[in-house]
>>> print(open('start-v5.txt').read())   # compact mmCIF, C-alpha atoms
# COMPACT_ATOMS: atom_id res chain seq x y z
CA MET A 85 90.11 64.37 75.65
CA ALA A 86 86.93 63.97 73.61
CA GLY A 87 84.26 61.91 75.30
CA ARG A 88 85.77 62.16 78.81
CA ARG A 89 84.06 63.79 81.75
CA GLU A 90 85.42 67.19 82.83
CA ALA A 91 85.05 69.16 86.08
CA TRP A 92 86.58 72.28 87.62
CA CYS A 93 88.84 72.22 90.72
CA PRO A 94 88.34 75.45 92.77
CA ARG A 95 91.68 75.01 94.58
CA CYS A 96 93.79 74.59 91.41
CA ASP A 97 91.46 76.84 89.37
CA GLU A 98 91.86 74.35 86.51
CA LEU A 99 89.78 71.91 84.46
CA ARG A 100 90.39 68.27 85.36
CA ALA A 101 89.62 65.04 83.52
CA ALA A 102 87.43 63.71 86.30
CA ARG A 103 83.77 63.34 87.16
CA PRO A 104 82.03 66.13 89.12
CA GLY A 105 81.94 65.47 92.84
CA THR A 106 85.09 63.36 92.86
CA ALA A 107 88.52 64.36 94.19
CA CYS A 108 90.95 66.42 92.11
CA PRO A 109 93.63 64.12 90.65
CA VAL A 110 96.27 66.83 91.19
CA CYS A 111 95.67 68.45 94.61
CA GLY A 112 93.27 65.89 96.11
CA ARG A 113 90.54 68.44 96.96
CA ALA A 114 87.13 66.76 97.02
CA GLY A 115 84.02 68.17 95.39
CA LEU A 116 84.96 68.99 91.79
CA LEU A 117 82.31 71.19 90.12
CA ALA A 118 80.35 70.23 87.06
CA LEU A 119 80.55 72.49 84.02
CA PRO A 120 77.13 73.94 83.18
CA PRO A 121 76.04 73.54 79.54
CA GLN A 122 75.64 76.65 77.38
CA PRO A 123 71.94 77.44 76.69
CA GLY A 124 71.00 76.09 73.28
CA GLN A 125 73.95 73.68 73.22
CA PRO A 126 73.17 70.83 75.63
CA GLY A 127 76.21 68.82 76.62
CA ALA A 128 78.73 71.17 75.00
CA SER A 129 81.74 71.81 77.24
CA LEU A 130 83.27 75.23 77.84
CA ARG A 131 86.53 73.96 76.40
CA GLY A 132 84.87 72.88 73.17
CA ARG A 133 83.01 76.18 72.72
CA ALA A 134 86.15 78.20 73.41
CA GLY A 135 88.12 76.14 70.90
CA ARG A 136 85.53 76.66 68.15
CA ARG A 137 85.52 80.45 68.72
CA LEU A 138 89.30 80.63 68.57
CA ARG A 139 89.61 78.46 65.46
CA ALA A 140 87.13 80.74 63.68
CA LEU A 141 89.27 83.79 64.44
CA LEU A 142 92.78 82.46 63.84
CA PRO A 143 94.31 81.18 60.57
CA ALA A 144 95.13 77.51 60.24
CA THR A 145 98.85 78.21 60.53
CA ARG A 146 98.37 79.29 64.15
CA THR A 147 96.51 76.19 65.30
CA GLY A 148 99.34 75.36 67.70
CA ALA A 149 98.73 78.60 69.63
CA VAL A 150 94.99 77.89 69.88
CA VAL A 151 95.44 75.34 72.65
CA VAL A 152 97.24 77.81 74.92
CA LEU A 153 94.71 80.59 74.33
CA MET A 154 91.85 78.15 74.75
CA LEU A 155 93.04 77.05 78.20
CA ALA A 156 93.52 80.69 79.26
CA THR A 157 89.98 81.51 78.12
CA VAL A 158 88.45 78.65 80.10
CA ALA A 159 90.48 79.43 83.23
CA GLY A 160 89.49 83.08 82.98
CA ALA A 161 85.81 82.20 82.83
CA PHE A 162 86.06 80.51 86.20
CA ALA A 163 88.30 83.16 87.79
CA VAL A 164 85.62 85.87 87.72
CA GLY A 165 85.16 87.36 91.17
CA ARG A 166 87.99 85.37 92.78
CA LEU A 167 90.56 87.23 94.84
CA THR A 168 93.63 85.94 96.67
CA ARG A 169 93.13 85.37 100.37
CA SER A 170 96.13 87.60 101.13
CA THR A 171 94.05 90.72 100.35
CA PRO A 172 90.68 90.05 101.99
CA SER A 173 87.90 92.59 102.33
CA ALA A 174 84.96 91.99 104.61
CA THR A 175 82.84 94.62 102.86
CA ALA A 176 83.54 93.63 99.27
CA THR A 177 80.43 92.79 97.24
CA PRO A 178 80.83 89.50 95.37
CA PRO A 179 80.74 90.14 91.61
CA ALA A 180 77.99 88.60 89.58
CA SER A 181 78.82 85.18 88.18
CA THR A 182 78.93 84.52 84.47
CA LEU A 183 77.88 80.91 85.07
CA PRO A 184 74.22 79.96 85.59
CA GLY A 185 73.41 78.97 89.18
CA ILE A 186 76.88 79.69 90.61
CA SER A 187 77.83 82.75 92.66
CA PHE A 188 81.36 83.62 93.75
CA SER A 189 83.10 85.29 96.68
CA GLU A 190 86.76 86.09 97.20
CA ASP A 191 87.18 82.58 98.66
CA GLY A 192 85.55 80.69 95.79
CA PRO A 193 82.11 79.47 94.67
CA ILE A 194 79.37 80.01 97.29
CA THR A 195 76.97 77.19 98.12
CA GLY A 196 75.08 78.65 101.11
CA ARG A 197 74.70 81.52 103.57
CA ARG A 198 72.93 82.21 106.85
CA ASN A 199 72.54 85.43 108.85
CA PHE A 200 72.63 85.22 112.67
CA GLY A 201 73.05 88.32 114.83
CA TRP A 202 73.85 86.20 117.92
CA ARG A 203 76.18 87.66 120.55
CA ALA A 204 78.01 86.98 123.80
CA SER A 205 79.91 89.24 126.22
CA ASP A 206 82.90 88.71 128.52
CA SER A 207 85.92 90.71 129.74
CA GLY A 208 84.23 93.94 128.65
CA ILE A 209 84.03 92.80 125.02
CA THR A 210 80.97 91.71 123.02
CA VAL A 211 81.43 89.30 120.11
CA THR A 212 78.57 89.06 117.61
CA LEU A 213 78.21 86.35 114.98
CA ARG A 214 76.84 88.38 112.06
CA GLY A 215 76.63 85.61 109.49
CA VAL A 216 78.22 82.55 107.89
CA THR A 217 79.05 82.05 104.22
CA VAL A 218 79.81 78.52 103.00
CA GLY A 219 81.35 77.50 99.69
CA VAL A 220 83.34 74.76 98.03
CA GLY A 221 85.96 73.85 100.63
CA PHE A 222 85.59 76.88 102.91
CA THR A 223 83.49 78.52 105.62
CA ARG A 224 83.70 82.24 106.41
CA LEU A 225 82.58 83.28 109.92
CA GLU A 226 81.62 86.97 109.97
CA LEU A 227 82.06 88.52 113.43
CA ASN A 228 81.75 91.93 115.06
CA VAL A 229 83.85 92.76 118.13
CA ALA A 230 82.93 95.74 120.34
CA GLY A 231 84.26 97.08 123.64
CA PHE A 232 87.05 99.14 125.23
CA GLY A 233 85.78 102.22 123.37
CA ARG A 234 87.36 102.30 119.92
CA LEU A 235 88.93 98.95 119.04
CA PRO A 236 91.87 99.22 116.62
CA GLY A 237 91.60 95.73 115.13
CA VAL A 238 91.49 91.99 115.78
CA SER A 239 94.32 89.88 114.37
CA ALA A 240 93.56 86.41 115.78
CA LEU A 241 91.14 84.19 117.71
CA ASP A 242 92.01 81.51 120.25
CA GLY A 243 89.97 78.47 121.27
CA LEU A 244 87.53 78.61 118.34
CA ARG A 245 84.91 75.89 118.32
CA VAL A 246 81.85 75.43 116.08
CA GLN A 247 79.08 73.04 117.18
CA ASP A 248 75.55 71.91 116.37
CA ALA A 249 72.56 71.85 118.73
CA ASP A 250 73.62 68.50 120.20
CA GLY A 251 77.12 69.70 121.05
CA ASN A 252 78.78 67.89 118.16
CA ASP A 253 81.76 69.61 116.56
CA LEU A 254 81.22 70.71 112.97
CA LEU A 255 84.98 70.92 112.39
CA PRO A 256 87.39 67.97 112.49
CA GLY A 257 89.52 68.01 115.61
CA GLY A 258 87.05 70.12 117.54
CA GLU A 259 88.64 73.26 118.98
CA ILE A 260 91.09 75.35 116.94
CA ALA A 261 93.78 76.58 119.32
CA HIS A 262 94.77 79.66 117.31
CA ILE A 263 93.66 81.11 113.96
CA ASN A 264 94.46 84.43 112.31
CA THR A 265 91.65 86.60 111.02
CA ALA A 266 91.26 87.10 107.27
CA SER A 267 90.17 90.74 107.60
CA SER A 268 89.69 93.40 110.26
CA ASP A 269 87.85 96.62 109.40
CA GLY A 270 86.26 99.40 111.37
CA GLY A 271 82.60 98.83 112.20
CA ALA A 272 79.87 100.92 113.81
CA SER A 273 80.52 102.88 117.05
CA GLY A 274 84.21 101.99 117.23
CA SER A 275 83.69 98.25 116.83
CA VAL A 276 85.57 95.94 114.46
CA ASP A 277 84.13 93.73 111.73
CA THR A 278 86.42 90.73 111.40
CA ASP A 279 86.21 87.49 109.41
CA VAL A 280 87.71 84.05 109.96
CA VAL A 281 88.04 81.65 107.02
CA LEU A 282 88.02 77.90 107.72
CA ASP A 283 89.34 75.43 105.15
CA ARG A 284 86.27 73.25 105.40
CA ALA A 285 82.62 73.67 104.45
CA ILE A 286 80.08 73.20 107.25
CA ASP A 287 76.28 73.07 107.22
CA PRO A 288 75.22 76.61 108.18
CA GLN A 289 71.73 75.44 109.11
CA ALA A 290 73.21 73.00 111.65
CA LEU A 291 75.34 75.63 113.38
CA ALA A 292 74.01 76.34 116.88
CA ARG A 293 77.04 77.47 118.92
CA VAL A 294 80.33 79.28 118.32
CA GLN A 295 82.88 79.40 121.15
CA VAL A 296 85.83 81.80 121.40
CA ARG A 297 88.27 81.69 124.34
CA GLY A 298 90.60 84.52 123.39
CA LEU A 299 91.05 87.55 121.13
CA THR A 300 94.22 89.29 119.97
CA ILE A 301 93.63 93.04 119.77
CA ALA A 302 96.10 94.61 117.32
CA ASP A 303 97.07 98.11 116.24
CA SER A 304 99.76 99.83 114.18
CA LEU A 305 101.37 102.75 116.00
CA ASN A 306 104.07 105.32 115.31
CA GLU A 307 106.66 106.28 117.92
CA ARG A 308 109.24 109.10 117.63
CA LEU A 309 112.66 109.10 119.28
CA HIS A 310 114.84 112.21 119.76
CA GLY A 311 118.60 111.69 119.87
CA VAL A 312 121.97 113.47 119.89
CA LEU A 313 125.37 112.21 118.74
CA VAL A 314 128.36 113.97 120.36
CA ASP A 315 131.62 113.59 118.40
CA PRO A 316 133.73 116.81 117.96
CA GLU A 317 136.50 115.01 116.06
CA LEU A 318 134.12 113.74 113.39
CA GLN A 319 133.12 117.16 112.09
CA ARG A 320 136.71 118.45 112.23
CA ASN A 321 137.83 115.50 110.08
CA LEU A 322 134.73 115.16 107.95
CA THR A 323 135.06 113.53 104.52
CA GLU A 324 132.48 112.37 102.01
CA ASP A 325 133.68 108.76 102.09
CA GLY A 326 133.77 108.51 105.92
CA ARG A 327 137.38 107.30 105.93
CA PHE A 328 138.13 108.98 109.28
CA LEU A 329 135.45 106.99 111.10
CA ARG A 330 136.63 103.66 109.71
CA GLU A 331 140.29 104.34 110.56
CA ARG A 332 139.83 105.80 114.06
CA PRO A 333 140.29 102.99 116.62
CA SER A 334 138.03 104.38 119.36
CA CYS A 335 136.38 107.52 120.75
CA PRO A 336 136.07 107.46 124.58
CA ASP A 337 134.53 110.97 124.69
CA CYS A 338 131.83 110.28 122.11
CA LYS A 339 128.25 109.88 123.37
CA VAL A 340 124.81 108.92 122.09
CA ARG A 341 121.78 110.22 123.98
CA VAL A 342 118.22 109.19 123.05
CA ASP A 343 114.91 110.31 124.56
CA CYS A 344 111.83 108.09 124.24
CA GLY A 345 109.83 109.50 127.15
CA ASP A 346 106.54 109.64 125.21
CA CYS A 347 106.81 106.13 123.76
CA GLN A 348 103.91 103.82 124.63
CA THR A 349 105.01 100.53 123.09
CA ILE A 350 108.84 100.48 122.98
CA ARG A 351 111.83 101.61 125.01
CA VAL A 352 115.50 102.24 124.25
CA ALA A 353 117.32 99.36 125.96
CA GLY A 354 120.80 100.43 124.88
CA THR A 355 122.87 102.68 122.60
CA ALA A 356 126.29 102.39 120.98
CA TYR A 357 128.55 104.32 118.61
CA HIS A 358 130.65 101.85 116.64
CA ARG A 359 132.92 103.26 113.94
CA ASP A 360 130.58 104.73 111.29
CA GLN A 361 127.22 103.78 112.82
CA VAL A 362 124.95 105.02 115.60
CA LEU A 363 123.25 101.93 117.07
CA LEU A 364 120.01 101.81 119.08
CA TRP A 365 118.58 98.71 120.75
CA LEU A 366 114.76 98.90 120.96
CA GLU A 367 112.57 96.57 123.03
CA PRO A 368 108.83 96.30 123.75
CA VAL A 369 107.71 98.19 126.84
CA GLY A 370 108.01 96.05 129.98
CA SER A 371 105.11 94.50 131.84
CA THR A 372 105.19 97.26 134.48
CA ARG A 373 103.62 99.73 132.01
CA ARG A 374 101.58 97.63 129.56
CA PRO A 375 100.86 94.10 130.88
CA GLY A 376 100.69 91.46 128.19
CA LEU A 377 101.74 93.80 125.38
CA ASN A 378 103.42 92.11 122.43
CA ALA A 379 105.02 94.81 120.27
CA ALA A 380 107.14 94.28 117.16
CA VAL A 381 109.15 97.00 115.44
CA ARG A 382 108.37 96.92 111.72
CA GLY A 383 110.20 99.91 110.23
CA VAL A 384 112.23 103.03 110.96
CA VAL A 385 113.07 106.29 109.22
CA ALA A 386 115.87 108.48 110.61
CA PHE A 387 116.16 112.24 110.07
CA SER A 388 118.86 114.80 110.75
CA GLY A 389 117.96 117.71 113.06
CA GLY A 390 114.38 118.31 114.16
CA ARG A 391 111.12 117.67 112.35
CA GLY A 392 111.43 118.10 108.63
CA GLY A 393 115.15 117.31 108.59
CA LEU A 394 116.80 115.41 105.79
CA GLU A 395 116.31 111.66 105.71
CA LEU A 396 119.34 109.60 106.71
CA THR A 397 120.51 106.19 105.59
CA SER A 398 119.32 103.74 108.25
CA TRP A 399 118.39 100.12 108.64
CA ILE A 400 116.69 97.85 111.15
CA ASP A 401 117.41 94.27 112.12
CA GLY A 402 115.40 92.09 114.48
CA PRO A 403 117.18 88.82 115.32
CA GLU A 404 114.95 85.79 114.80
CA GLY A 405 113.26 84.76 118.02
CA ASP A 406 114.20 88.01 119.78
CA SER A 407 111.61 90.59 120.83
CA GLY A 408 113.90 93.56 120.22
CA ALA A 409 115.42 95.22 117.18
CA VAL A 410 118.64 97.03 116.30
CA VAL A 411 118.43 100.39 114.50
CA ALA A 412 121.57 101.63 112.74
CA ILE A 413 122.13 105.18 111.43
CA ASP A 414 124.98 106.30 109.18
CA ALA A 415 127.04 108.62 111.41
CA ASN A 416 129.07 110.20 108.60
CA GLU A 417 125.89 111.13 106.73
CA LEU A 418 124.44 112.58 109.95
CA ALA A 419 127.52 114.75 110.39
CA ILE A 420 127.36 116.00 106.79
CA ARG A 421 123.68 116.93 107.06
CA SER A 422 123.79 118.28 110.61
CA THR A 423 122.95 121.96 111.16
CA ASP A 424 125.98 122.13 113.48
CA ALA A 425 128.40 121.04 110.76
CA ASP A 426 129.72 124.58 110.19
CA THR A 427 130.53 125.28 113.87
CA GLY A 428 132.35 122.01 114.44
CA LYS A 429 131.06 121.58 118.00
CA GLY A 430 130.23 117.98 117.26
CA THR A 431 126.66 117.96 118.64
CA MET A 432 124.48 116.37 115.98
CA ALA A 433 120.75 116.00 116.60
CA PHE A 434 118.63 113.33 114.93
CA GLU A 435 115.14 111.83 115.10
CA VAL A 436 113.88 108.32 114.43
CA ALA A 437 110.29 107.59 113.39
CA VAL A 438 109.47 104.00 114.38
CA SER A 439 106.45 102.02 113.16
CA VAL A 440 105.28 99.37 115.63
CA ASP A 441 102.73 96.56 115.42
CA ALA A 442 101.31 96.14 118.93
CA GLU A 443 99.17 93.19 119.99
CA LEU A 444 97.36 92.62 123.25
CA PRO A 445 95.80 89.21 124.04
CA VAL A 446 92.43 89.28 125.83
CA ARG A 447 91.21 86.11 127.52
CA GLY A 448 87.57 85.30 128.09
CA ARG A 449 84.79 82.88 127.25
CA TRP A 450 82.41 83.91 124.51
CA ALA A 451 79.78 81.18 123.97
CA ILE A 452 77.71 82.60 121.10
CA THR A 453 74.25 81.03 120.86
CA GLN A 454 70.77 82.19 120.00
CA GLU A 455 69.66 81.72 123.62
CA GLY A 456 72.47 83.92 124.93
CA SER A 457 71.70 86.82 122.61
CA SER A 458 69.51 89.77 123.48
CA PRO A 459 67.53 91.91 121.04
>>> encode(input="start-v5.txt", output="structure tokens")
Amino acid sequence: MAGRREAWCPRCDELRAARPGTACPVCGRAGLLALPPQPGQPGASLRGRAGRRLRALLPATRTGAVVVLMLATVAGAFAVGRLTRSTPSATATPPASTLPGISFSEDGPITGRRNFGWRASDSGITVTLRGVTVGVGFTRLELNVAGFGRLPGVSALDGLRVQDADGNDLLPGGEIAHINTASSDGGASGSVDTDVVLDRAIDPQALARVQVRGLTIADSLNERLHGVLVDPELQRNLTEDGRFLRERPSCPDCKVRVDCGDCQTIRVAGTAYHRDQVLLWLEPVGSTRRPGLNAAVRGVVAFSGGRGGLELTSWIDGPEGDSGAVVAIDANELAIRSTDADTGKGTMAFEVAVSVDAELPVRGRWAITQEGSSP
């Protein structure tokens, strides 16, 4: 590739045989970056310098391996400070770049930044635009959300719009109907610092108005259910392999009782005892108690007896498109580990710890401008 122009694609994180500023021939992303020359070696490419270093260290018989190591060295030089967007951190300090004139964030190379401090209030919530960071192919809006006392977190924004002073949209398509936040961390006085990453670079100096029409307040909660399985025959015919349960056709006198009186986000919509499993049907709390609540059961752990009992084999299944979830507990294992196993009365207590992701949409109109902000 001697004599050809080279540039770096931030999306592919690879060197490309193309001129800086043009589109990537692989992914199509515009704005390839030029490779800065090493001081004292004008015009020398990173690939050439890496190759010379490697050839000086390795014997001639390993020349074939040089190419692979050379490419890894070059890619590593550009990967400094880059993190995957799946693990964002609003408070992370961007590491210093090893390349002259280029700084990096977790989203890629940074080309500009502007601090704001503008705010708007509605529906008892204040949204503050703290700052904007712009880089190659991305814009990160840094927001603070305060209100309702301590806010647990913000998982999404609705009706997001970014405009200049003349009311022109700085994003193609204008308003974004729904976008998930990239991070949500605790801020001062119970507020939440949350970031939104846009897959397009805007001019931060032209930004004059940010509109938000809705917020999704989110929290992770733990609920605890107390239950009892009544089956006298099970403990009288108890075996390690649970053969009795699988062979018994039915048990009209068996019962499953579950108490979820203190639950805030879910309710027990139904119970069943089918062969070797205790089954619970859990649903989000109805609109009569928590209007607009959208809760999703994420995990369960079942225990025998009271607090501190032995963990039981259990599983959870939420049918696609359904708001509820089925929890299943191994009945034979419950009988073996029950404190009542020696008496044979057949009353076996259990508990289920349920982890729930709860979201509550809040509608409003937050038009964040310099004129609408107060000191």
>>> closest_residue(input="start-v5.txt", among="A:Asp283, A:Glu324, A:Glu226, A:Asp242", to="Arg449 in chain A", atoms="all atoms listed in the file")
A:Asp242
>>> residues_around(input="start-v5.txt", residues="Val440 in chain A", least_positions_apart="6", cutoff="9 Å", atoms="only C-alpha atoms", output="count of residues only")
12
>>> residues_around(input="start-v5.txt", residues="Pro336 in chain A", least_positions_apart="4", cutoff="12 Å", atoms="all atoms listed in the file", output="JSON, numbers by chain")
{"A": [314, 315, 316, 317, 332, 340, 356, 357, 358, 359]}
>>> atom_distance(input="start-v5.txt", atom1="CA of Gly274 in chain A", atom2="CA of Gly208 in chain A")
14.0 Å
>>> atom_distance(input="start-v5.txt", atom1="CA of Ile413 in chain A", atom2="CA of Glu443 in chain A")
27.3 Å
